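Enquirer: First, the structure itself, so that you have it in front of you.
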Amino acid sequence: IPPPLAAVTGVRGKMLLSTKRMKGSGARFCSSSALRAKEEYFSMCYCISSWFRLPEQGMDDYELLSRASGFLIARQDSEDEGVHIVTSAHVVHPFAFPNYYPLDEHAWLKFVTDRHVLTKFEIREREGGEVIFSMDLHEKVFRHESRDICVLHPENQKEFLKALRDLDGGTGAREHILKLENDEAAREKTEVMFVGHQIIEASGALQEQLPSVVAGSMMGCTPHGQAFAVTDSTLQMGMCGGPVLNARGLCIGATEGLVPADGPEPLRLCAAVITAEAVRSLLAGVEMQLQDEFPPRS
């Protein structure tokens with residue numbers, strides 16, 4: 001099994017950062033009735049979009065950088081019922097992933113830093129992908145030291161959660177705060193559902209996302225917080241950062257990407273997953289760094 005990050009290709013959007021859709025059939029899994037009906041998973045994931053501007057380069061308006069999927073985990077010891085937003089780090093901070101975005105192909109990216117990026121949380125309708133809710137997130141990004149994952153937060157936790165609860169007539173149907181499973185689930189060939197938003201082919205800000213779910217089965221995990229799964233169809237662009245859920249709706253990890261078509265034979269085009277324990281470890285570090293209130297956006 002290859003070392004962390006060496007074997008996976010990010011399932012990322014084709015915005016200003018152009019990428020290629022993964023081709024080929026790869027190993028496939030026939031979904032089982034042990035999982036919930038797909039309709040129950042669609043609303044358990046959210047969209048994350050990153051935008052950038054370079055005023056020092058004469059760029060005054062924000063333009064779309066990339067898109068990913070994301071999910072909510074409850075904060076520990078939080079008096080205001082706060083949440084963490086977990087998503088893909090290469091979409092939020094692409095400048096930190098030169099292996100994904102070589103500078104000889106994306107020379108302009110060398111001018112982009114965290115102070116140039118704005119990140120948004122979005123909810124989209126299942127059928128047409130229309131944005132029904134959008135909110136800017138706090139500028140502080142907490143990245144995992146070795147895995148392609150990060151944690152974001154709303155500017156105002158109470159306003160954010162109230163807005164989610166007020167959707168759909170106050171029923172709270174759009175508010176899904178997930179719980180993390182332990183890593184035994186990744187080792188036990190657990191049947192899972194990959195939940196996220198696939199990219200609709202277009203360019204620039206016209207590129208949109210549709211909610212998507214794909215069934216699969218875990219194959220095992222490495223000591224580095226990376227697991228692999230066979231899926232019943234190849235994961236599409238935009239799924240990175242989305243949760244991987246079991247039949248009980250518990251999160252056993254986050255989608256990291258695809259093993260390349262020329263990767264190790266048993267894993268070609270299988271899904272790479274960041275395990276729940278790796279996510280939990282990142283969140284524990286974030287909890288230690290968080291203050292009662294974030295500093296205001298500069």
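Every chain in the structure tokens takes a letter, A first, then B, and so on in the order presented; its residues are numbered from 1, and the ligands are numbered from 1 following the presented order.
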Can you list, as number ranges by chain, every residue of region 7-199 of chain A that DSSP puts in alpha helix (DSSP H)?

Expert: A: 89-92, 157-170, 184-187

Enquirer: Run DSSP on the backbone of this structure and report the residues of region 71-281 of chain A it assigns to strand (DSSP E or B), as a VMD selection string.

Expert: chain A and resid 71 to 74 83 to 87 117 to 124 131 to 137 142 to 143 150 to 152 154 177 to 178 180 191 to 200 208 to 221 226 to 231 243 to 245 251 to 258 271 to 275

Enquirer: Quick one: residues within 12 Å of Val92 (chain A), only C-alpha atoms counted, chain neighbours fewer than 5 positions away excluded, as a PyMOL selection string?

Expert: chain A and resi 12-13+47-52+64-70+86-87+97+112-121+137-143+148-152+240-241

Enquirer: Which residues come within 12 Å of Lys179 (chain A), counting only C-alpha atoms, excluding same-chain residues fewer than 3 positions away, as a PyMOL selection string?

Expert: chain A and resi 44+71-76+83-84+176+182+243-246+248-253+276-277+279-280

Enquirer: Can I get the selection written as a tab-separated table (two decimals), in the first residue's frame, with C-alpha atoms?

Expert:
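After the write, selection.tsv holds the following:
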```
chain	number	residue	atom	x	y	z
A	44	MET	CA	-26.33	14.66	5.12
A	71	PHE	CA	-20.03	17.76	6.63
A	72	LEU	CA	-20.78	18.90	10.19
A	73	ILE	CA	-19.41	17.51	13.45
A	74	ALA	CA	-20.46	18.87	16.85
A	75	ARG	CA	-17.91	20.86	18.85
A	76	GLN	CA	-16.95	19.43	22.24
A	83	VAL	CA	-20.10	22.81	14.96
A	84	HIS	CA	-16.97	22.03	12.99
A	176	HIS	CA	-27.39	17.03	9.99
A	182	ASN	CA	-14.10	4.24	15.18
A	243	PRO	CA	-18.62	11.96	4.53
A	244	VAL	CA	-18.44	8.17	4.21
A	245	LEU	CA	-21.37	6.78	6.21
A	246	ASN	CA	-22.36	3.33	7.41
A	248	ARG	CA	-26.36	3.55	11.06
A	249	GLY	CA	-25.51	6.95	9.61
A	250	LEU	CA	-22.22	7.16	11.51
A	251	CYS	CA	-19.25	8.75	9.76
A	252	ILE	CA	-16.33	6.36	9.26
A	253	GLY	CA	-14.28	8.92	7.36
A	276	ALA	CA	-12.61	8.74	11.31
A	277	GLU	CA	-9.69	8.50	13.74
A	279	VAL	CA	-10.60	13.29	11.50
A	280	ARG	CA	-11.02	12.92	15.27
```

Enquirer: Which is closest to Ile177 (chain A) among A:Val91, A:Leu161, A:Gln236, A:Pro55, if we use only C-alpha atoms?

Expert: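 Of all the options, A:Leu161 lies closest to Ile177 (chain A).
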
Enquirer: Find the spatial neighbours of Ala173 (chain A), counting only C-alpha atoms, within a cut-off of 9 Å - ignore same-chain residues fewer than 4 positions away - and output them as a PDB file with N, CA and C atoms, in the first residue's frame.

Expert:
```pdb
ATOM      1  N   SER A  43     -29.260  14.469   2.136  1.00  0.00           N
ATOM      2  CA  SER A  43     -29.190  15.754   2.834  1.00  0.00           C
ATOM      3  C   SER A  43     -28.145  15.779   3.944  1.00  0.00           C
ATOM      4  N   LEU A 164     -29.872  27.113   9.607  1.00  0.00           N
ATOM      5  CA  LEU A 164     -30.106  25.738   9.154  1.00  0.00           C
ATOM      6  C   LEU A 164     -31.441  25.217   9.670  1.00  0.00           C
ATOM      7  N   ARG A 165     -31.736  25.501  10.933  1.00  0.00           N
ATOM      8  CA  ARG A 165     -32.978  25.006  11.526  1.00  0.00           C
ATOM      9  C   ARG A 165     -34.210  25.684  10.938  1.00  0.00           C
ATOM     10  N   LEU A 167     -34.574  26.523   7.822  1.00  0.00           N
ATOM     11  CA  LEU A 167     -34.876  26.003   6.488  1.00  0.00           C
ATOM     12  C   LEU A 167     -35.963  24.939   6.587  1.00  0.00           C
ATOM     13  N   ASP A 168     -36.734  24.758   5.529  1.00  0.00           N
ATOM     14  CA  ASP A 168     -37.813  23.766   5.510  1.00  0.00           C
ATOM     15  C   ASP A 168     -38.818  24.005   6.632  1.00  0.00           C
ATOM     16  N   GLY A 169     -39.160  25.277   6.827  1.00  0.00           N
ATOM     17  CA  GLY A 169     -40.219  25.600   7.777  1.00  0.00           C
ATOM     18  C   GLY A 169     -39.881  25.355   9.224  1.00  0.00           C
TER      19      GLY A 169
END
```

Enquirer: Show which residues sit within 6 Å of region 212-219 of chain A, as a compact mmCIF listing (two decimals) with C-alpha atoms, in the first residue's frame. Count only C-alpha atoms, and ignore same-chain residues fewer than 4 positions away.

Expert:
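Done, and the output landed in part.txt:
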```txt
# COMPACT_ATOMS: atom_id res chain seq x y z
CA PHE A 29 -19.14 -3.29 -5.59
CA SER A 31 -24.69 -2.34 -3.18
CA ALA A 186 -12.78 0.68 8.05
CA LYS A 189 -15.29 -4.53 5.05
CA THR A 190 -18.13 -2.34 6.19
CA GLU A 191 -20.76 -1.45 3.60
CA VAL A 192 -20.81 2.31 3.25
CA MET A 193 -22.34 5.21 1.35
CA PHE A 194 -20.17 7.96 -0.12
CA VAL A 195 -22.14 11.19 0.17
CA GLY A 196 -21.23 14.39 -1.63
CA HIS A 197 -21.86 16.66 -4.60
CA PHE A 228 -9.65 2.30 0.71
CA ALA A 229 -13.04 1.22 -0.58
CA VAL A 230 -14.47 -0.42 -3.68
CA THR A 231 -17.53 1.42 -5.03
CA ASP A 232 -20.39 0.52 -7.33
```

Enquirer: Give me, please, the distance in Å between CA of Glu127 (chain A) and CA of Glu40 (chain A), quoted to one decimal.

Expert: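 That distance, rounded to one decimal, is 14.7 Å.
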
Enquirer: Given only C-alpha atoms as the basis, pick out the residue of A:Asn156, A:Thr234, A:Asn99, A:Ser146 nearest to Glu81 (chain A).

Expert: A:Asn156

Enquirer: Can you tell me which residues surround Ile132 (chain A) at a distance of at most 8 Å, considering only C-alpha atoms, apart from same-chain residues fewer than 2 positions away, and format the answer as a VMD selection string?

Expert: chain A and resid 122 to 125 130 134

Enquirer: Filtering to N, CA and C atoms, could you give me those residues as a PDB file, in the first residue's frame?

Expert:
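Contents of again_28.pdb, freshly written:
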```pdb
ATOM      1  N   GLU A 122     -22.573  26.040   1.458  1.00  0.00           N
ATOM      2  CA  GLU A 122     -23.776  26.082   0.622  1.00  0.00           C
ATOM      3  C   GLU A 122     -24.630  24.838   0.818  1.00  0.00           C
ATOM      4  N   ILE A 123     -25.922  25.022   0.644  1.00  0.00           N
ATOM      5  CA  ILE A 123     -26.862  23.905   0.553  1.00  0.00           C
ATOM      6  C   ILE A 123     -27.532  23.996  -0.803  1.00  0.00           C
ATOM      7  N   ARG A 124     -27.601  22.864  -1.502  1.00  0.00           N
ATOM      8  CA  ARG A 124     -28.167  22.840  -2.849  1.00  0.00           C
ATOM      9  C   ARG A 124     -29.340  21.868  -2.932  1.00  0.00           C
ATOM     10  N   GLU A 125     -30.297  22.237  -3.776  1.00  0.00           N
ATOM     11  CA  GLU A 125     -31.433  21.354  -4.017  1.00  0.00           C
ATOM     12  C   GLU A 125     -30.969  20.080  -4.710  1.00  0.00           C
ATOM     13  N   GLU A 130     -29.744  23.962  -7.389  1.00  0.00           N
ATOM     14  CA  GLU A 130     -29.816  25.386  -7.076  1.00  0.00           C
ATOM     15  C   GLU A 130     -29.387  25.644  -5.635  1.00  0.00           C
ATOM     16  N   SER A 134     -26.569  29.985   1.546  1.00  0.00           N
ATOM     17  CA  SER A 134     -25.136  30.250   1.406  1.00  0.00           C
ATOM     18  C   SER A 134     -24.685  31.173   2.536  1.00  0.00           C
TER      19      SER A 134
END
```

Enquirer: Using only C-alpha atoms, pick whichever of A:Gln209, A:Gln157, A:Gln57, A:Ser88 has the shortest atom-to-atom distance to Arg126 (chain A).

Expert: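 With only C-alpha atoms as the atom set, the closest residue is A:Gln209.
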
Enquirer: For Gly128 (chain A), which residue among A:Leu54, A:Leu269, A:Met237, A:Ile200 is the nearest when counting only C-alpha atoms?

Expert: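 Among the listed residues, the smallest separation from Gly128 (chain A) belongs to A:Ile200.
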
Enquirer: Which of these residues is nearest to His93 (chain A), using only C-alpha atoms: A:Arg174, A:His153, A:His144, A:Arg187?

Expert: A:His144

Enquirer: Expressed in Å to a single decimal, how great is the separation between CA of Met288 (chain A) and CA of Gly82 (chain A)?

Expert: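 Atom-to-atom, CA of Met288 (chain A) and CA of Gly82 (chain A) are spaced 14.6 Å apart.
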
Enquirer: At what distance in Å, to one decimal, does CA of Pro154 (chain A) lie from CA of Asp136 (chain A)?

Expert: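 Between CA of Asp136 (chain A) and CA of Pro154 (chain A) the gap is 7.2 Å.
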